[in-house]
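Contents: one structure, followed by commentary.
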Amino acid sequence: MVHDLSLQSPDSWTATRPIAPLIGKIRAPGDKSISHCALMLGALAVGRTEISGLLEGEDVLATAAAINGLGAYATRAGDRRWTVDGIGIAGLGEPEDLLDLGNSGTAARLLLGILATHPITAFVTGDASLRRRPMGRVVEPLSRFGARFVAREGARLPLAISGATNPIAITYRLPVPSAQVKSAVLLAGLNAPGTTTVIEPQPTRDHTERMLDHFGATVTTEPIEGGGKRITLQGYPELAAAPIAVPGDPSSAAFPLIAALIVPGSEVTIDGVGVNPLRTGLFECLREMGADLTLLNQHDEGGEPVADLRVRAGTLKGADIPAERAPRMIDEYPILAVAAACARGRTVMRGLAELRVKESHRLSAISAGLAACGVRVAVDGDTLTIDGNGGPPEGGVSITTHLDHRIAMAFLVLGLATRQPVRIDDAAPIATSFPCFLPLINALGGTIGKAA
Ligand code: S3P
């Protein structure tokens, strides 16, 4: 079931500094991007796709409900195991009701890509956070395929889409480094004749390309001058159902990982985490900050690199994080900011323009929250500067999370290190990406609970 988080009564949680270190071995929940993609490509394939390790968070359940509304059949087969009976490219039928994608930008944008080249009409909406986010970035290229849209001002949800009857394949240069836009265009290209090309000046996560290849599509990637990539997809492939093993989400693993770094004496291992090089910018930052972080047991699973992460607490120092790294760690800035607040010295994070259009305006949510906790923080244009003094920040405040799961989790992790507890106003959005966050952190020795 998809919940409109804006209608739920706020669920306030508090994190307190534990008396003992965090110790143990855990498994992160399944990767959110890969889970969405597995369900959507499973729906477009012919036959039954078996998925293991699926993230059973609200965002992904919204995607499962949406593809079922379009005529595919996704169903739970066991713990994190799902099957999808696909209906083949061009097989989607008109949904009888609204498609509600909850809190998920990925679900909304990728699904609009698929719908853009199916000659059906659909009405797409989401929760209060998603309804604020810009859809123009996909409406523009998808219109070039021949899709028609009626949207709220600023191309916001809810919107109506009528897919093209005679789609035209396009060549599209990404104006912003966005894997969601790239994926939307490639998915639209599946049901268009000829070759669809995406040019990305800065490489972004490539899970969609990898999974398209895994399902039998012809998709090629070549480097272009300046470090970018050109991705081409042949239209009308025959996608064949294929088993998918979803790795652990590095963006979720980042929360227990940083918790272990900032709670003195901790040692934590997180098994089975995806370490696709287009997702590992955070690990580079942490190494530059002096973190004791080791990747063990590196191997490939279903076309994605995976490893166990072992992390030990230690003293962190500030670092200068270059703008070029942003696409490879775009979701990790809230939790990196927490590490920076506990480090000694100045951390500068550059090139953060995209943080303004995430589940919340993350630049202001991070800086307001850290400042309230007594941390010296400044925003100058797209640059965030944090001055840590090497000791625990003060805390002792309540943080407004703006329906943003990563802001909620980041400040709960900070509360494991601050002198006074940190409270968050609403933990409900955590269920979108990391439903077992609380028991998992507490199993390591964390002290997070519902606020009194
Ligand atoms: C995602 C891509 C990123 C990321 C989001 C998930 C994806 O967004 O922030 O959480 O699944 O492709 P953009 O590609 O829009 O930056």
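A note on labels: chains of the structure tokens are A, B, ... as shown, every chain counts residues from 1, and ligands are counted from 1 in their shown order.
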Per residue of chain A within 8 Å of ligand 1, note the shortest atom pair and the distance in Å to one decimal, counting only C-alpha atoms and all ligand atoms, and order the rows by chain and increasing residue number, as JSON lines.
{"residue": "A:Lys32", "atom": "CA", "partner": "ligand 1", "partner_atom_place_in_ligand_line": "11 (O)", "distance": 6.6}
{"residue": "A:Ser33", "atom": "CA", "partner": "ligand 1", "partner_atom_place_in_ligand_line": "11 (O)", "distance": 3.7}
{"residue": "A:Ile34", "atom": "CA", "partner": "ligand 1", "partner_atom_place_in_ligand_line": "11 (O)", "distance": 7.1}
{"residue": "A:His36", "atom": "CA", "partner": "ligand 1", "partner_atom_place_in_ligand_line": "11 (O)", "distance": 7.5}
{"residue": "A:Gly105", "atom": "CA", "partner": "ligand 1", "partner_atom_place_in_ligand_line": "5 (C)", "distance": 7.0}
{"residue": "A:Thr106", "atom": "CA", "partner": "ligand 1", "partner_atom_place_in_ligand_line": "11 (O)", "distance": 4.9}
{"residue": "A:Ala107", "atom": "CA", "partner": "ligand 1", "partner_atom_place_in_ligand_line": "11 (O)", "distance": 7.8}
{"residue": "A:Pro177", "atom": "CA", "partner": "ligand 1", "partner_atom_place_in_ligand_line": "16 (O)", "distance": 6.3}
{"residue": "A:Ser178", "atom": "CA", "partner": "ligand 1", "partner_atom_place_in_ligand_line": "14 (O)", "distance": 3.3}
{"residue": "A:Ala179", "atom": "CA", "partner": "ligand 1", "partner_atom_place_in_ligand_line": "14 (O)", "distance": 3.4}
{"residue": "A:Gln180", "atom": "CA", "partner": "ligand 1", "partner_atom_place_in_ligand_line": "14 (O)", "distance": 4.0}
{"residue": "A:Val181", "atom": "CA", "partner": "ligand 1", "partner_atom_place_in_ligand_line": "14 (O)", "distance": 6.4}
{"residue": "A:Lys182", "atom": "CA", "partner": "ligand 1", "partner_atom_place_in_ligand_line": "14 (O)", "distance": 7.7}
{"residue": "A:Ser183", "atom": "CA", "partner": "ligand 1", "partner_atom_place_in_ligand_line": "12 (O)", "distance": 7.0}
{"residue": "A:Thr204", "atom": "CA", "partner": "ligand 1", "partner_atom_place_in_ligand_line": "14 (O)", "distance": 7.0}
{"residue": "A:Arg205", "atom": "CA", "partner": "ligand 1", "partner_atom_place_in_ligand_line": "12 (O)", "distance": 6.6}
{"residue": "A:His207", "atom": "CA", "partner": "ligand 1", "partner_atom_place_in_ligand_line": "12 (O)", "distance": 7.7}
{"residue": "A:Thr208", "atom": "CA", "partner": "ligand 1", "partner_atom_place_in_ligand_line": "12 (O)", "distance": 7.9}
{"residue": "A:Pro327", "atom": "CA", "partner": "ligand 1", "partner_atom_place_in_ligand_line": "16 (O)", "distance": 6.8}
{"residue": "A:Ile330", "atom": "CA", "partner": "ligand 1", "partner_atom_place_in_ligand_line": "9 (O)", "distance": 5.5}
{"residue": "A:Asp331", "atom": "CA", "partner": "ligand 1", "partner_atom_place_in_ligand_line": "9 (O)", "distance": 5.1}
{"residue": "A:Glu354", "atom": "CA", "partner": "ligand 1", "partner_atom_place_in_ligand_line": "16 (O)", "distance": 6.8}
{"residue": "A:Lys358", "atom": "CA", "partner": "ligand 1", "partner_atom_place_in_ligand_line": "9 (O)", "distance": 6.7}
Non-local contacts of Ala147 in chain A (9 Å; only C-alpha atoms; under 6 positions in same chain excluded) as a JSON list (two decimals) with N, CA, C and O atoms, in the first residue's frame:
[["chain", "number", "residue", "atom", "x", "y", "z"],
["A", 115, "LEU", "N", 6.04, 5.07, -19.75],
["A", 115, "LEU", "CA", 4.71, 5.46, -20.24],
["A", 115, "LEU", "C", 4.80, 6.31, -21.51],
["A", 115, "LEU", "O", 3.89, 6.30, -22.35],
["A", 116, "ALA", "N", 5.91, 7.04, -21.67],
["A", 116, "ALA", "CA", 6.03, 8.02, -22.76],
["A", 116, "ALA", "C", 5.90, 7.39, -24.14],
["A", 116, "ALA", "O", 5.53, 8.07, -25.11],
["A", 117, "THR", "N", 6.25, 6.10, -24.24],
["A", 117, "THR", "CA", 6.18, 5.47, -25.57],
["A", 117, "THR", "C", 5.15, 4.33, -25.59],
["A", 117, "THR", "O", 5.25, 3.41, -26.40],
["A", 118, "HIS", "N", 4.19, 4.40, -24.67],
["A", 118, "HIS", "CA", 3.04, 3.48, -24.73],
["A", 118, "HIS", "C", 1.80, 4.33, -25.03],
["A", 118, "HIS", "O", 1.59, 5.33, -24.34],
["A", 119, "PRO", "N", 0.99, 3.95, -25.99],
["A", 119, "PRO", "CA", -0.15, 4.80, -26.40],
["A", 119, "PRO", "C", -1.32, 4.71, -25.42],
["A", 119, "PRO", "O", -2.43, 4.34, -25.79],
["A", 139, "VAL", "N", 9.86, 15.66, -18.45],
["A", 139, "VAL", "CA", 8.79, 16.05, -19.37],
["A", 139, "VAL", "C", 9.40, 16.56, -20.69],
["A", 139, "VAL", "O", 8.93, 16.22, -21.78],
["A", 161, "ILE", "N", -0.20, 11.98, -18.42],
["A", 161, "ILE", "CA", 0.68, 11.69, -19.56],
["A", 161, "ILE", "C", -0.09, 10.84, -20.56],
["A", 161, "ILE", "O", -0.76, 9.88, -20.19],
["A", 162, "SER", "N", 0.00, 11.24, -21.84],
["A", 162, "SER", "CA", -0.49, 10.39, -22.92],
["A", 162, "SER", "C", 0.73, 10.00, -23.75],
["A", 162, "SER", "O", 1.39, 10.87, -24.33],
["A", 163, "GLY", "N", 1.03, 8.74, -23.75],
["A", 163, "GLY", "CA", 2.23, 8.26, -24.45],
["A", 163, "GLY", "C", 2.08, 8.38, -25.96],
["A", 163, "GLY", "O", 0.96, 8.40, -26.49],
["A", 164, "ALA", "N", 3.22, 8.44, -26.64],
["A", 164, "ALA", "CA", 3.22, 8.60, -28.10],
["A", 164, "ALA", "C", 2.66, 7.37, -28.79],
["A", 164, "ALA", "O", 2.95, 6.24, -28.40],
["A", 165, "THR", "N", 1.87, 7.61, -29.84],
["A", 165, "THR", "CA", 1.37, 6.50, -30.65],
["A", 165, "THR", "C", 2.44, 6.06, -31.66],
["A", 165, "THR", "O", 2.64, 4.88, -31.90],
["A", 167, "PRO", "N", 6.18, 6.75, -31.60],
["A", 167, "PRO", "CA", 7.31, 7.39, -30.93],
["A", 167, "PRO", "C", 8.49, 7.63, -31.88],
["A", 167, "PRO", "O", 8.68, 6.89, -32.85]]
For range 75-80 of chain A, please output as a list in words all residues within 7 Å (counting only C-alpha atoms; exclusion window: fewer than 4 positions along the same chain).
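These residues fall inside the cut-off: Ser52, Gly53, Leu54, Leu55, Glu56 and Val84 of chain A.
Shell of range 59-61 of chain A at 6 Å, with only C-alpha atoms counted and residues fewer than 3 places along the chain excluded, is His36, Ala64, Ser104 and Thr432 of chain A.
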Just the residues within 9 Å of Ala260 in chain A, please, counting only C-alpha atoms, with nothing from its chain fewer than 5 positions along; format it as a PyMOL selection string.
chain A and resi 21-23+255+265-268+311-313
Leaving out Ala323 in chain A and any residue of its chain fewer than 4 positions from it, which residues lie within 12 Å of it when counting only C-alpha atoms, given as a PyMOL selection string?
chain A and resi 177+202+281+327-330+333+348-354+382-384
So the first atom is CA of Gln420 in chain A and the second is CA of Ala259 in chain A; what is the distance between them in Å, to one decimal place?
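About the pair CA of Gln420 in chain A and CA of Ala259 in chain A: they are 15.9 Å apart.
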Restricting the calculation to only C-alpha atoms, which member of A:Gly57, A:Pro134, A:Gly396, A:Gly93 is positioned closest to Arg356 in chain A?
A:Pro134
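CA of Trp13 in chain A is found 8.0 Å from CA of Leu412 in chain A.
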So that I can check the surroundings of Asp11 in chain A, please list as a count of residues only every protein, DNA and RNA residue that reaches within 6 Å of it, counting only C-alpha atoms and ignoring chain neighbours fewer than 6 positions away.
3
Taking the chain letters and numbering used in this document, name the residues of range 108-159 of chain A that DSSP puts in strand (DSSP E), as number ranges by chain.
A: 121-125, 148-152, 156-159
Store the residues picked out above, limited to C-alpha atoms, as an mmCIF file, in the first residue's frame.
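Below is the file that was written, selection-v8.cif:
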data_model
loop_
_atom_site.group_PDB
_atom_site.id
_atom_site.type_symbol
_atom_site.label_atom_id
_atom_site.label_comp_id
_atom_site.auth_asym_id
_atom_site.auth_seq_id
_atom_site.Cartn_x
_atom_site.Cartn_y
_atom_site.Cartn_z
ATOM 1 C CA THR A 121 -3.061 7.763 -20.739
ATOM 2 C CA ALA A 122 -2.090 7.698 -17.068
ATOM 3 C CA PHE A 123 -2.390 10.056 -14.122
ATOM 4 C CA VAL A 124 0.662 10.186 -11.882
ATOM 5 C CA THR A 125 0.976 11.606 -8.386
ATOM 6 C CA ARG A 148 1.984 14.707 -24.234
ATOM 7 C CA PHE A 149 1.709 16.025 -20.681
ATOM 8 C CA VAL A 150 -0.685 18.149 -18.675
ATOM 9 C CA ALA A 151 0.992 19.065 -15.412
ATOM 10 C CA ARG A 152 0.711 21.537 -12.580
ATOM 11 C CA ARG A 156 4.894 19.297 -10.901
ATOM 12 C CA LEU A 157 2.794 16.254 -10.036
ATOM 13 C CA PRO A 158 -0.003 15.355 -10.279
ATOM 14 C CA LEU A 159 0.306 15.180 -14.045
#
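Atom to atom, CA of Gly69 in chain A and CA of Ala43 in chain A stand 10.9 Å apart.
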Determine, using only C-alpha atoms, which residues of range 267-346 of chain A have any atom at most 9 Å from an atom of range 402-409 of chain A, and tabulate each with its shortest atom pair and distance in Å to one decimal place, rows ordered by chain and then rising number, as a Markdown table.
| residue | atom | partner | partner_atom | distance |
| --- | --- | --- | --- | --- |
| A:Asp331 | CA | A:Arg406 | CA | 7.8 |
| A:Glu332 | CA | A:Arg406 | CA | 8.3 |
| A:Pro334 | CA | A:Ile407 | CA | 6.1 |
| A:Ile335 | CA | A:Arg406 | CA | 7.7 |
Going by DSSP on the backbone, which bits of range 59-300 of chain A are helix (DSSP H, G or I)? Write them as a ChimeraX atom specification, please.
/A:59-69,105-116,128-132,136-144,179-189,207-214,250-262,281-288
